Structures are given as C-alpha cells and as structure tokens.
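For reference, my_file_29.cif (mmCIF, C-alpha atoms and all ligand atoms):
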data_entry
#
loop_
_atom_site.label_atom_id
_atom_site.label_comp_id
_atom_site.auth_asym_id
_atom_site.auth_seq_id
_atom_site.Cartn_x
_atom_site.Cartn_y
_atom_site.Cartn_z
CA MET K 141 -62.79 -106.76 173.94
CA ASP K 142 -61.54 -109.45 176.35
CA VAL K 143 -61.07 -112.82 174.60
CA THR K 144 -62.89 -114.65 177.39
CA GLU K 145 -66.09 -112.60 176.96
CA THR K 146 -69.11 -114.53 175.65
CA MET K 147 -72.38 -113.59 173.90
CA PRO K 148 -75.84 -114.30 175.28
CA SER K 149 -76.96 -117.87 174.48
CA SER K 150 -79.56 -118.20 171.76
CA ALA K 151 -80.69 -121.86 171.69
CA PRO K 152 -82.61 -124.25 173.93
CA GLY K 153 -79.91 -126.96 173.48
CA GLY K 154 -77.55 -124.84 175.58
CA ARG K 155 -74.85 -122.35 174.77
CA ARG K 156 -72.59 -122.91 171.77
CA THR K 157 -69.14 -123.89 173.06
CA PHE K 158 -67.63 -125.38 169.86
CA ASP K 159 -68.27 -124.39 166.25
CA ALA K 160 -68.75 -127.02 163.52
CA PRO K 161 -65.24 -126.75 161.95
CA THR K 162 -63.58 -127.32 165.34
CA ARG K 163 -65.75 -130.40 165.91
CA ALA K 164 -65.12 -131.69 162.38
CA PHE K 165 -61.39 -131.16 162.90
CA HIS K 166 -61.50 -133.05 166.19
CA TRP K 167 -63.47 -136.09 165.09
CA LEU K 168 -61.72 -136.40 161.72
CA LEU K 169 -58.39 -136.21 163.56
CA ALA K 170 -59.50 -138.83 166.10
CA ALA K 171 -60.84 -141.15 163.36
CA CYS K 172 -57.65 -140.78 161.29
CA PHE K 173 -55.52 -141.46 164.34
CA ALA K 174 -57.46 -144.67 165.02
CA GLY K 175 -57.15 -145.60 161.33
CA ALA K 176 -53.42 -144.80 161.16
CA TYR K 177 -52.72 -146.80 164.28
CA ALA K 178 -54.87 -149.76 163.23
CA THR K 179 -53.16 -149.99 159.81
CA SER K 180 -49.61 -149.20 161.00
CA ASP K 181 -48.50 -152.82 161.16
CA ALA K 182 -50.58 -154.22 158.27
CA ASP K 183 -48.58 -155.34 155.25
CA GLY K 184 -50.19 -154.26 151.98
CA TRP K 185 -52.17 -151.47 153.69
CA ARG K 186 -49.31 -148.99 153.88
CA TRP K 187 -51.08 -146.66 151.42
CA LEU K 188 -54.05 -146.45 153.81
CA HIS K 189 -51.79 -145.83 156.80
CA VAL K 190 -50.04 -143.06 154.90
CA THR K 191 -53.39 -141.62 153.74
CA PHE K 192 -54.64 -141.37 157.33
CA GLY K 193 -51.33 -139.78 158.36
CA TYR K 194 -51.37 -137.20 155.53
CA THR K 195 -54.98 -136.36 156.36
CA MET K 196 -53.94 -135.72 159.97
CA ALA K 197 -51.17 -133.41 158.76
CA GLY K 198 -53.68 -131.57 156.54
CA LEU K 199 -56.15 -131.23 159.41
CA LEU K 200 -53.43 -129.87 161.66
CA THR K 201 -52.43 -127.30 159.03
CA TRP K 202 -56.08 -126.28 158.77
CA ARG K 203 -56.36 -125.96 162.59
CA VAL K 204 -53.30 -123.72 162.74
CA LEU K 205 -54.79 -121.46 160.02
CA TRP K 206 -58.17 -121.44 161.81
CA GLY K 207 -56.30 -120.68 165.01
CA LEU K 208 -54.74 -117.64 163.33
CA VAL K 209 -57.64 -116.19 161.31
CA GLY K 210 -60.74 -117.91 162.78
CA PRO K 211 -63.11 -116.67 165.48
CA ARG K 212 -61.58 -115.33 168.70
CA HIS K 213 -62.28 -118.43 170.78
CA ALA K 214 -60.73 -120.77 168.20
CA ARG K 215 -57.49 -118.78 168.27
CA LEU K 216 -54.33 -120.57 169.34
CA SER K 217 -53.40 -117.40 171.20
CA VAL K 218 -56.30 -118.10 173.60
CA MET K 219 -54.76 -121.51 174.38
CA VAL K 220 -51.34 -119.93 174.87
CA ARG K 221 -52.85 -117.26 177.13
CA LYS K 222 -54.52 -119.96 179.26
CA LEU K 223 -51.16 -121.70 179.63
CA GLN K 224 -49.64 -118.53 181.05
CA GLY K 225 -51.61 -119.37 184.22
CA LEU K 226 -49.72 -122.66 184.49
CA PRO K 227 -47.27 -121.66 187.30
CA ALA K 228 -50.10 -120.39 189.57
CA TRP K 229 -52.27 -123.40 188.71
CA SER K 230 -49.56 -125.97 189.45
CA ARG K 231 -48.76 -124.15 192.73
CA ALA K 232 -52.43 -124.53 193.71
CA VAL K 233 -52.36 -128.25 192.87
CA ARG K 234 -49.13 -128.72 194.85
CA GLN K 235 -50.80 -127.05 197.83
CA GLY K 236 -53.53 -129.70 197.62
CA GLN K 237 -56.28 -127.55 196.10
CA TRP K 238 -58.18 -130.33 194.32
CA PRO K 239 -60.78 -128.05 192.69
CA ALA K 240 -57.95 -126.86 190.48
CA LEU K 241 -57.80 -130.39 189.04
CA ARG K 242 -61.54 -131.04 188.87
CA SER K 243 -62.62 -127.87 187.11
CA THR K 244 -62.86 -127.31 183.36
CA HIS K 245 -60.05 -124.82 183.95
CA ASN K 246 -57.79 -127.80 184.62
CA LEU K 247 -54.77 -126.58 182.70
CA MET K 248 -53.66 -130.11 181.96
CA LEU K 249 -56.35 -129.99 179.27
CA PRO K 250 -54.95 -127.17 177.08
CA LEU K 251 -51.42 -128.33 177.89
CA GLY K 252 -52.28 -131.86 176.71
CA VAL K 253 -54.04 -130.53 173.61
CA MET K 254 -51.03 -128.38 172.63
CA PHE K 255 -48.74 -131.34 173.20
CA LEU K 256 -51.07 -133.59 171.16
CA MET K 257 -50.92 -131.19 168.22
CA LEU K 258 -47.15 -130.98 168.45
CA MET K 259 -46.87 -134.77 168.59
CA VAL K 260 -49.16 -135.17 165.55
CA LEU K 261 -46.81 -132.83 163.68
CA VAL K 262 -43.65 -134.69 164.71
CA THR K 263 -45.17 -138.16 164.16
CA THR K 264 -46.47 -137.39 160.67
CA ALA K 265 -43.16 -135.71 159.75
CA SER K 266 -41.20 -138.75 160.93
CA GLY K 267 -43.64 -141.00 159.01
CA TYR K 268 -42.97 -138.96 155.88
CA LEU K 269 -39.21 -139.39 156.36
CA ALA K 270 -39.64 -143.14 156.97
CA TYR K 271 -41.59 -143.30 153.70
CA GLN K 272 -38.77 -141.84 151.58
CA ASP K 273 -35.71 -143.49 150.11
CA TRP K 274 -33.44 -140.61 151.03
CA PHE K 275 -31.16 -142.26 153.53
CA GLY K 276 -28.75 -145.13 153.84
CA GLU K 277 -29.84 -148.36 155.52
CA LEU K 278 -28.63 -147.45 159.01
CA PHE K 279 -30.30 -144.04 159.11
CA GLU K 280 -33.43 -145.46 157.49
CA ASP K 281 -33.73 -148.01 160.30
CA LEU K 282 -33.28 -145.24 162.86
CA VAL K 283 -36.01 -143.09 161.28
CA GLU K 284 -38.40 -146.07 161.17
CA GLU K 285 -37.69 -146.89 164.83
CA ALA K 286 -38.20 -143.24 165.78
CA HIS K 287 -41.49 -143.10 163.87
CA GLU K 288 -42.76 -146.25 165.59
CA LEU K 289 -41.74 -144.84 168.99
CA LEU K 290 -43.48 -141.52 168.27
CA GLY K 291 -46.64 -143.31 167.07
CA ASN K 292 -46.78 -145.28 170.32
CA ALA K 293 -46.04 -142.17 172.42
CA LEU K 294 -48.94 -140.44 170.64
CA LEU K 295 -51.19 -143.36 171.59
CA VAL K 296 -50.24 -142.91 175.27
CA LEU K 297 -50.97 -139.18 175.00
CA VAL K 298 -54.35 -139.82 173.36
CA LEU K 299 -55.30 -142.31 176.09
CA GLY K 300 -54.27 -139.69 178.70
CA HIS K 301 -56.39 -137.07 176.88
CA ILE K 302 -59.46 -139.34 176.93
CA ALA K 303 -58.87 -140.30 180.58
CA LEU K 304 -58.62 -136.62 181.53
CA MET K 305 -61.92 -135.81 179.79
CA LEU K 306 -63.60 -138.72 181.60
CA TRP K 307 -62.04 -137.68 184.92
CA ILE K 308 -63.33 -134.10 184.61
CA SER K 309 -66.77 -135.38 183.55
CA LEU K 310 -66.97 -137.77 186.51
CA ALA K 311 -65.59 -135.27 189.03
CA ARG K 312 -68.11 -132.61 187.97
CA ARG K 313 -70.92 -135.09 187.27
CA GLN K 314 -71.36 -133.43 183.92
CA ASN K 315 -70.69 -134.84 180.43
CA HIS K 316 -67.81 -132.79 178.99
CA VAL K 317 -67.41 -134.97 175.92
CA TRP K 318 -70.89 -134.46 174.49
CA PRO K 319 -70.36 -130.73 173.69
CA MET K 320 -67.53 -131.79 171.35
CA VAL K 321 -70.24 -133.77 169.47
CA THR K 322 -73.19 -131.36 169.54
CA GLY K 323 -71.28 -128.10 169.91
CA ARG K 324 -73.55 -127.10 172.80
CA SER K 325 -73.29 -127.26 176.57
CA LYS K 326 -75.88 -126.80 179.33
CA THR K 327 -73.31 -125.04 181.51
CA PRO K 328 -74.26 -121.49 182.52
CA GLY K 329 -73.08 -118.56 180.39
CA GLY K 330 -73.39 -117.21 176.90
CA ASP K 331 -72.43 -118.56 173.47
CA VAL K 332 -68.67 -118.90 173.10
CA PHE K 333 -68.97 -119.05 169.30
CA LYS K 334 -71.36 -116.64 167.62
CA ARG K 335 -71.64 -118.62 164.37
CA ASN K 336 -71.49 -122.34 163.60
CA HIS K 337 -69.82 -122.19 160.14
CA ALA K 338 -71.42 -125.54 159.24
CA TRP K 339 -70.53 -125.10 155.55
CA LEU K 340 -66.84 -125.09 156.47
CA ALA K 341 -67.21 -128.37 158.36
CA VAL K 342 -68.97 -129.92 155.33
CA LEU K 343 -66.13 -128.68 153.11
CA MET K 344 -63.53 -130.23 155.42
CA CYS K 345 -65.30 -133.62 155.46
CA ALA K 346 -65.69 -133.51 151.66
CA ALA K 347 -61.99 -132.66 151.20
CA ALA K 348 -60.90 -135.50 153.51
CA LEU K 349 -63.19 -137.93 151.68
CA ALA K 350 -62.01 -136.76 148.25
CA PHE K 351 -58.37 -137.19 149.28
CA GLY K 352 -59.11 -140.68 150.64
CA LEU K 353 -60.85 -141.67 147.39
CA TYR K 354 -57.98 -140.29 145.30
CA GLN K 355 -55.45 -142.26 147.34
CA TRP K 356 -57.56 -145.40 147.04
CA GLN K 357 -57.82 -144.99 143.27
CA THR K 358 -54.07 -144.58 142.87
CA ALA K 359 -53.08 -147.28 145.37
CA PRO K 360 -51.79 -150.56 143.95
CA ALA K 361 -54.40 -153.32 143.88
CA PRO K 362 -53.49 -156.38 145.99
CA ASP K 363 -52.15 -158.18 142.85
CA GLY K 364 -49.79 -155.25 142.15
CA ALA K 365 -51.83 -153.83 139.24
CA GLN K 366 -53.24 -150.33 139.33
CA ARG K 367 -56.90 -149.66 139.94
CA SER K 368 -58.96 -148.12 137.15
CA GLY K 369 -58.97 -144.32 137.08
CA ALA K 370 -55.24 -144.18 137.72
CA THR K 371 -54.21 -145.75 134.42
CA GLY K 372 -52.43 -143.48 131.96
CA SER K 373 -51.63 -140.80 134.50
CA ALA K 374 -47.95 -140.19 135.17
CA ASP K 375 -48.78 -138.80 138.59
CA ALA K 376 -50.86 -141.81 139.41
CA GLU K 377 -48.07 -144.14 138.30
CA HIS K 378 -45.66 -142.25 140.53
CA GLU K 379 -48.12 -142.49 143.42
CA ALA K 380 -48.68 -146.18 142.86
CA GLY K 381 -44.93 -146.70 142.63
CA GLU K 382 -44.43 -144.94 145.96
CA HIS K 383 -47.19 -146.89 147.68
CA GLY K 384 -46.03 -150.12 146.12
CA ARG K 385 -42.38 -149.54 146.97
CA ARG K 386 -43.11 -149.19 150.63
CA GLY K 387 -45.58 -152.04 150.52
CA SER K 388 -42.93 -154.43 149.20
CA ASP K 389 -40.35 -153.08 151.65
CA ASP K 390 -42.71 -154.10 154.39
CA ASP K 391 -43.26 -157.52 152.93
CA ALA K 392 -39.54 -158.03 153.14
CA HIS K 393 -39.53 -157.27 156.91
C1 LIG H 1 -62.96 -140.93 172.03
C2 LIG H 1 -61.89 -140.18 171.96
C3 LIG H 1 -61.83 -138.71 172.32
C4 LIG H 1 -62.61 -137.95 173.13
C5 LIG H 1 -63.81 -138.41 173.95
C6 LIG H 1 -62.11 -136.60 173.09
C7 LIG H 1 -62.65 -135.51 173.75
C8 LIG H 1 -62.26 -134.21 173.60
C9 LIG H 1 -62.92 -133.07 174.17
C10 LIG H 1 -64.19 -133.11 175.01
C11 LIG H 1 -62.24 -131.96 173.80
C12 LIG H 1 -62.56 -130.51 174.18
C13 LIG H 1 -61.72 -130.09 175.33
C14 LIG H 1 -62.12 -128.72 175.81
O1 LIG H 1 -63.11 -128.63 176.55
O2 LIG H 1 -61.44 -127.75 175.44
C15 LIG H 1 -61.13 -132.38 172.99
C16 LIG H 1 -60.22 -131.53 172.41
C17 LIG H 1 -59.19 -131.95 171.59
N1 LIG H 1 -58.85 -133.27 171.32
FE1 LIG H 1 -59.91 -134.90 171.81
N2 LIG H 1 -61.00 -136.57 172.28
C18 LIG H 1 -60.81 -137.84 171.79
C19 LIG H 1 -59.82 -138.25 170.93
C20 LIG H 1 -58.83 -137.44 170.44
C21 LIG H 1 -57.76 -137.88 169.58
C22 LIG H 1 -57.55 -139.32 169.09
C23 LIG H 1 -57.00 -136.79 169.31
C24 LIG H 1 -55.74 -136.66 168.47
C25 LIG H 1 -55.08 -137.58 167.90
C26 LIG H 1 -57.60 -135.65 169.99
C27 LIG H 1 -57.13 -134.35 169.93
C28 LIG H 1 -57.77 -133.26 170.46
C29 LIG H 1 -57.40 -131.89 170.16
C30 LIG H 1 -56.24 -131.45 169.25
C31 LIG H 1 -58.30 -131.07 170.84
C32 LIG H 1 -58.38 -129.55 170.80
C33 LIG H 1 -59.43 -129.19 169.77
C34 LIG H 1 -59.40 -127.73 169.40
O3 LIG H 1 -59.54 -126.87 170.27
O4 LIG H 1 -59.27 -127.46 168.21
N3 LIG H 1 -58.70 -136.08 170.67
N4 LIG H 1 -61.14 -133.76 172.90
C1 LIG H 2 -50.00 -139.57 163.39
C2 LIG H 2 -50.03 -140.42 162.40
C3 LIG H 2 -49.27 -141.71 162.41
C4 LIG H 2 -49.19 -142.70 163.36
C5 LIG H 2 -49.88 -142.73 164.71
C6 LIG H 2 -48.28 -143.71 162.87
C7 LIG H 2 -47.91 -144.85 163.55
C8 LIG H 2 -47.04 -145.82 163.08
C9 LIG H 2 -46.57 -146.97 163.81
C10 LIG H 2 -46.94 -147.29 165.27
C11 LIG H 2 -45.76 -147.69 162.99
C12 LIG H 2 -44.98 -148.97 163.34
C13 LIG H 2 -45.71 -150.18 162.85
C14 LIG H 2 -44.95 -151.46 163.18
O1 LIG H 2 -44.05 -151.82 162.42
O2 LIG H 2 -45.26 -152.05 164.23
C15 LIG H 2 -45.71 -147.00 161.72
C16 LIG H 2 -45.00 -147.42 160.62
C17 LIG H 2 -44.86 -146.72 159.45
N1 LIG H 2 -45.46 -145.51 159.14
FE1 LIG H 2 -46.66 -144.43 160.37
N2 LIG H 2 -47.85 -143.33 161.62
C18 LIG H 2 -48.42 -142.12 161.30
C19 LIG H 2 -48.24 -141.37 160.15
C20 LIG H 2 -47.48 -141.76 159.05
C21 LIG H 2 -47.26 -140.99 157.85
C22 LIG H 2 -47.83 -139.57 157.58
C23 LIG H 2 -46.47 -141.73 157.04
C24 LIG H 2 -45.91 -141.43 155.65
C25 LIG H 2 -46.10 -140.35 154.96
C26 LIG H 2 -46.17 -142.97 157.71
C27 LIG H 2 -45.38 -143.99 157.21
C28 LIG H 2 -45.04 -145.14 157.87
C29 LIG H 2 -44.16 -146.15 157.35
C30 LIG H 2 -43.47 -146.13 155.96
C31 LIG H 2 -44.05 -147.13 158.35
C32 LIG H 2 -43.21 -148.41 158.26
C33 LIG H 2 -41.87 -148.18 158.85
C34 LIG H 2 -41.12 -149.50 158.87
O3 LIG H 2 -40.88 -150.02 157.79
O4 LIG H 2 -40.86 -149.97 159.99
N3 LIG H 2 -46.79 -142.95 158.96
N4 LIG H 2 -46.49 -145.86 161.80
#
Turn this file's structure into structure tokens for me.
Ligand code: HEM
Ligand code: HEM
Amino acid sequence: MDVTETMPSSAPGGRRTFDAPTRAFHWLLAACFAGAYATSDADGWRWLHVTFGYTMAGLLTWRVLWGLVGPRHARLSVMVRKLQGLPAWSRAVRQGQWPALRSTHNLMLPLGVMFLMLMVLVTTASGYLAYQDWFGELFEDLVEEAHELLGNALLVLVLGHIALMLWISLARRQNHVWPMVTGRSKTPGGDVFKRNHAWLAVLMCAAALAFGLYQWQTAPAPDGAQRSGATGSADAEHEAGEHGRRGSDDDAH
C-alpha cells in the first residue's frame, strides 16, 4: 500500500490528520523549549533548565521510536520520502511558481521540521557536555559558548517554523495550526491516522510530569539544603550535588 493513501474520514470534526501522541510530542516539546529558553540565563534555576532540556531529549527519542514503529504516516521515512522531491520543488520555486510555496506541500515545512529535530539533538547534547566537569577550563568555555550559540540558533529556527505555519495559513486562508491542537482538519480527504492512541499521549504527559516532579524533589532548595523526599538517598544526593555544582558555577559568572 502507498504510504500517502488515506482512509475514509469518520468524524464530523473533519478528517484525522495527527494522532494524539504526535500532538502531545509537539506541544510538550514546544513548552519545554520555551521553558528551557526562559530559564537558560537564570541563576539558581539551572536544574529547571536542565530538566526541560532532558525532557526534550526524551521526547525526541520517543519521536524517533514512534517514527520507526508507529503508524505509517508518523514514520520518519515518510518525511524523508517527501524530501526526495526537494530538487524538483526548489526548481519550481526558482521558476517563480508561487503555488509551490503556498501549498501544504511546501517542502520547507518537512525540511525545517527535520532540521529542528536535529538541532534539538545537538543543542541538548551540547548542554549535557556543558553540564559536566570533564574538560579543562578552556574547552569548558568553548562548550558553553557553543551551547549558547546552538540554543539561540534553535530559537531562530523555531521562529522561522512558526512564521512558515502562519504564512501557509494566511496564503491559503485556512488555519493550519489548529489541526496540531485538535488532530482534525476540515480539508478534503480521508483520515490520515486510523487510530488516535490517546492512552499513549496520556502516558507521555504523565512521564514528563513525573520526571519534572522527581527533578524538583531532588533539586537543591534556594538555601542550599535538599528538599524533603530526597533525603537519605545516595542518588538524590548525587543529583542535588550535580544541580548545585552548576548552580554555584553560574553564580560565580
Ligand atoms: C506556537 C508555536 C508553534 C506552532 C504554532 C507550531 C505549529 C506546528 C504545526 C502546525 C506543525 C505540523 C506541520 C505539518 O503540517 O506537518 C508542526 C510540526 C512540528 N513542529 Fe511545531 N509549532 C510551534 C512550535 C514548535 C517548537 C517550539 C518546536 C521545537 C522546539 C516545534 C517542532 C515541531 C516538530 C518537530 C514538528 C513535526 C511534528 C511531527 O511530525 O512529529 N514546533 N508545528
Ligand atoms: C534544547 C534545549 C536547550 C536550550 C534551548 C538551551 C539554551 C541555553 C542557552 C541559550 C544558554 C545560555 C544562557 C546564557 O548564559 O545566556 C544555556 C546555558 C546552559 N545550559 Fe542549556 N539549553 C538547552 C538544553 C540544555 C541541557 C539538556 C543541559 C544539560 C544537561 C543544559 C545545560 C546548560 C548549562 C550548564 C548552561 C550554562 C552554561 C554556562 O555556564 O555558560 N542546557 N542553555
């Protein structure tokens, strides 16, 4: 069966274009990005910054797995296949065929999304390296500078991603953001996803929340003491030590 084939739509809200886990992935990722960026420069909140970053890395790992074993339309291979049309698409744009830019088949969208995922990977990896005491002072400074640069580059990419979605929505006079919220679109055609897998989305949100709570419990309190729940645990002490170490490094900046 061709991967682009769809099934007849079943609901009055429109055809299903995104399943629940894909939407949960997207909005958790977006929220964590906003959180990571907002806390990146805040002394004493390093543990929260790191928690948002780790959650993004976890979400990305999940998306790759879902892209390998999930439903056909969530597969990463579908994205890669779309990108194979890139030379013909960019030729059309160069020849002034504007519909190529206005349509939902605007290949800047999957290209941007792939690049976003890659940048999340590289940024979180560089953040992890910046968080360790593995290097000498010179290299440590370099890693920190690189991480800051990557974080800012990711922000530019995210703003471009949002602008592109708005541009396509305006050009087609159709809201292309809303389907990422509801999972459904009024565009003609059949369901892209047969099942919603809502339970998986609930599981993802619960896991993200549980990880956040665990990190909060093991983070050093503002006065340097540990919060209750972490006391007596060697792991928790290690965690608190790690968070605290970076926190005081930052204070010294
Ligand atoms: C208000 C902010 C945002 C809006 C309105 C938005 C909107 C969208 C929409 C509508 C799509 C679906 C594109 C399609 O039709 O295929 C999408 C996909 C995607 N967006 Fe966003 N986005 C936002 C923020 C972000 C942020 C902050 C990130 C990452 C840091 C991000 C990463 C992605 C990724 C990775 C996908 C692909 C999802 C998948 O197929 O699994 N987005 N976005
Ligand atoms: C995609 C997610 C992330 C984004 C967007 C991001 C962004 C940033 C930015 C912009 C800064 C520079 C703040 C400033 O000094 O002005 C920063 C600093 C830092 N980040 Fe991240 N970060 C992310 C993930 C992570 C992760 C996963 C870790 C650790 C595991 C981490 C650890 C750090 C540390 C330790 C610093 C301070 C570096 C220094 O001392 O200059 N970050 N981050």
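Rounded to one decimal, CA of Tyr354 in chain K and CA of Val190 in chain K lie 12.8 Å from each other.
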May I have the residues within 9 Å of Ala265 in chain K as a ChimeraX atom specification, using all atoms listed in the file and disregarding those fewer than 5 positions away in the same chain?
/K:197,260,270,287
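The space separating CA of Thr264 in chain K from atom C1 of ligand LIG 2 (chain H) comes to 5.0 Å.
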Using all atoms listed in the file, tabulate the residues of chain K lying at most 8 Å from any atom of ligand LIG 1 (chain H), each with its closest atom pair and that distance in Å to one decimal, by chain and increasing residue number, as a Markdown table.
| residue | atom | partner | partner_atom | distance |
| --- | --- | --- | --- | --- |
| K:Thr162 | CA | H:LIG1 | O4 | 5.2 |
| K:Arg163 | CA | H:LIG1 | O4 | 7.5 |
| K:Phe165 | CA | H:LIG1 | O4 | 6.8 |
| K:His166 | CA | H:LIG1 | C33 | 5.7 |
| K:Trp167 | CA | H:LIG1 | C20 | 7.2 |
| K:Leu169 | CA | H:LIG1 | C24 | 5.6 |
| K:Ala170 | CA | H:LIG1 | C22 | 3.6 |
| K:Ala171 | CA | H:LIG1 | C22 | 6.9 |
| K:Cys172 | CA | H:LIG1 | C25 | 7.8 |
| K:Phe173 | CA | H:LIG1 | C25 | 5.3 |
| K:Ala174 | CA | H:LIG1 | C22 | 6.7 |
| K:Arg203 | CA | H:LIG1 | O4 | 6.5 |
| K:Ala214 | CA | H:LIG1 | O3 | 6.6 |
| K:Thr244 | CA | H:LIG1 | O1 | 6.9 |
| K:Leu249 | CA | H:LIG1 | C13 | 6.7 |
| K:Pro250 | CA | H:LIG1 | O2 | 6.7 |
| K:Val253 | CA | H:LIG1 | C30 | 5.0 |
| K:Met254 | CA | H:LIG1 | C30 | 6.9 |
| K:Leu256 | CA | H:LIG1 | C30 | 5.9 |
| K:Met257 | CA | H:LIG1 | C30 | 5.4 |
| K:Val260 | CA | H:LIG1 | C25 | 6.8 |
| K:Leu294 | CA | H:LIG1 | C25 | 7.3 |
| K:Leu295 | CA | H:LIG1 | C25 | 7.9 |
| K:Val298 | CA | H:LIG1 | C22 | 5.4 |
| K:Leu299 | CA | H:LIG1 | C22 | 7.9 |
| K:His301 | CA | H:LIG1 | N2 | 6.5 |
| K:Ile302 | CA | H:LIG1 | C4 | 5.1 |
| K:Met305 | CA | H:LIG1 | C10 | 5.9 |
| K:Leu306 | CA | H:LIG1 | C5 | 7.7 |
| K:His316 | CA | H:LIG1 | C10 | 5.4 |
| K:Val317 | CA | H:LIG1 | C10 | 3.8 |
| K:Trp318 | CA | H:LIG1 | C10 | 6.9 |
| K:Pro319 | CA | H:LIG1 | C10 | 6.7 |
| K:Met320 | CA | H:LIG1 | C10 | 5.1 |
Given a cut-off of 9 Å, what residues near ligand LIG 2 (chain H) show up using only C-alpha atoms and all ligand atoms, put as a CSV table (one decimal) with C-alpha atoms, keeping the file's coordinate frame?
chain,number,residue,atom,x,y,z
K,172,CYS,CA,-57.6,-140.8,161.3
K,173,PHE,CA,-55.5,-141.5,164.3
K,174,ALA,CA,-57.5,-144.7,165.0
K,175,GLY,CA,-57.2,-145.6,161.3
K,176,ALA,CA,-53.4,-144.8,161.2
K,177,TYR,CA,-52.7,-146.8,164.3
K,178,ALA,CA,-54.9,-149.8,163.2
K,179,THR,CA,-53.2,-150.0,159.8
K,180,SER,CA,-49.6,-149.2,161.0
K,181,ASP,CA,-48.5,-152.8,161.2
K,182,ALA,CA,-50.6,-154.2,158.3
K,186,ARG,CA,-49.3,-149.0,153.9
K,187,TRP,CA,-51.1,-146.7,151.4
K,189,HIS,CA,-51.8,-145.8,156.8
K,190,VAL,CA,-50.0,-143.1,154.9
K,191,THR,CA,-53.4,-141.6,153.7
K,192,PHE,CA,-54.6,-141.4,157.3
K,193,GLY,CA,-51.3,-139.8,158.4
K,194,TYR,CA,-51.4,-137.2,155.5
K,195,THR,CA,-55.0,-136.4,156.4
K,196,MET,CA,-53.9,-135.7,160.0
K,197,ALA,CA,-51.2,-133.4,158.8
K,259,MET,CA,-46.9,-134.8,168.6
K,260,VAL,CA,-49.2,-135.2,165.6
K,261,LEU,CA,-46.8,-132.8,163.7
K,262,VAL,CA,-43.6,-134.7,164.7
K,263,THR,CA,-45.2,-138.2,164.2
K,264,THR,CA,-46.5,-137.4,160.7
K,265,ALA,CA,-43.2,-135.7,159.8
K,266,SER,CA,-41.2,-138.8,160.9
K,267,GLY,CA,-43.6,-141.0,159.0
K,268,TYR,CA,-43.0,-139.0,155.9
K,269,LEU,CA,-39.2,-139.4,156.4
K,270,ALA,CA,-39.6,-143.1,157.0
K,271,TYR,CA,-41.6,-143.3,153.7
K,272,GLN,CA,-38.8,-141.8,151.6
K,280,GLU,CA,-33.4,-145.5,157.5
K,281,ASP,CA,-33.7,-148.0,160.3
K,283,VAL,CA,-36.0,-143.1,161.3
K,284,GLU,CA,-38.4,-146.1,161.2
K,285,GLU,CA,-37.7,-146.9,164.8
K,287,HIS,CA,-41.5,-143.1,163.9
K,288,GLU,CA,-42.8,-146.2,165.6
K,289,LEU,CA,-41.7,-144.8,169.0
K,290,LEU,CA,-43.5,-141.5,168.3
K,291,GLY,CA,-46.6,-143.3,167.1
K,292,ASN,CA,-46.8,-145.3,170.3
K,293,ALA,CA,-46.0,-142.2,172.4
K,294,LEU,CA,-48.9,-140.4,170.6
K,295,LEU,CA,-51.2,-143.4,171.6
K,386,ARG,CA,-43.1,-149.2,150.6
K,387,GLY,CA,-45.6,-152.0,150.5
K,389,ASP,CA,-40.4,-153.1,151.6
K,390,ASP,CA,-42.7,-154.1,154.4
K,393,HIS,CA,-39.5,-157.3,156.9
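Atom pair CA of Pro152 in chain K / CA of Asn246 in chain K: separated by 27.3 Å.
Shortest atom-to-atom contact with Arg324 in chain K among K:Ala160, K:Ala359, K:Leu247, K:Val209: K:Ala160, counting all atoms listed in the file.
When all atoms listed in the file are used to compute distances to Trp356 in chain K, the closest of the residues K:Trp185, K:Ala228, K:Thr157, K:Glu277 turns out to be K:Trp185.
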Of the residues K:Leu258, K:Ala361, K:Leu310, K:Ala164, which is the one nearest to Thr322 in chain K, using all atoms listed in the file?
K:Ala164
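Residues within 12 Å of Gly207 in chain K, counting only C-alpha atoms and excluding same-chain residues fewer than 2 positions away, are K:Pro161, K:Thr162, K:Phe165, K:Leu199, K:Leu200, K:Thr201, K:Trp202, K:Arg203, K:Val204, K:Leu205, K:Val209, K:Gly210, K:Pro211, K:Arg212, K:His213, K:Ala214, K:Arg215, K:Leu216, K:Ser217, K:Val218, K:Met219, K:Val220.
With distances restricted to all atoms listed in the file, K:His245 is the closest residue to Lys222 in chain K from K:Gly153, K:Arg312, K:His245, K:Gly198.
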Which of these residues is nearest to Leu340 in chain K, using all atoms listed in the file: K:Gly184, K:Trp206, K:Arg221, K:Ala311?
K:Trp206
Compare K:Ile308, K:Asn315, K:Gly252, K:His337 by their minimum atom-to-atom distance to Val296 in chain K, counting all atoms listed in the file, and give me the closest one.
K:Gly252
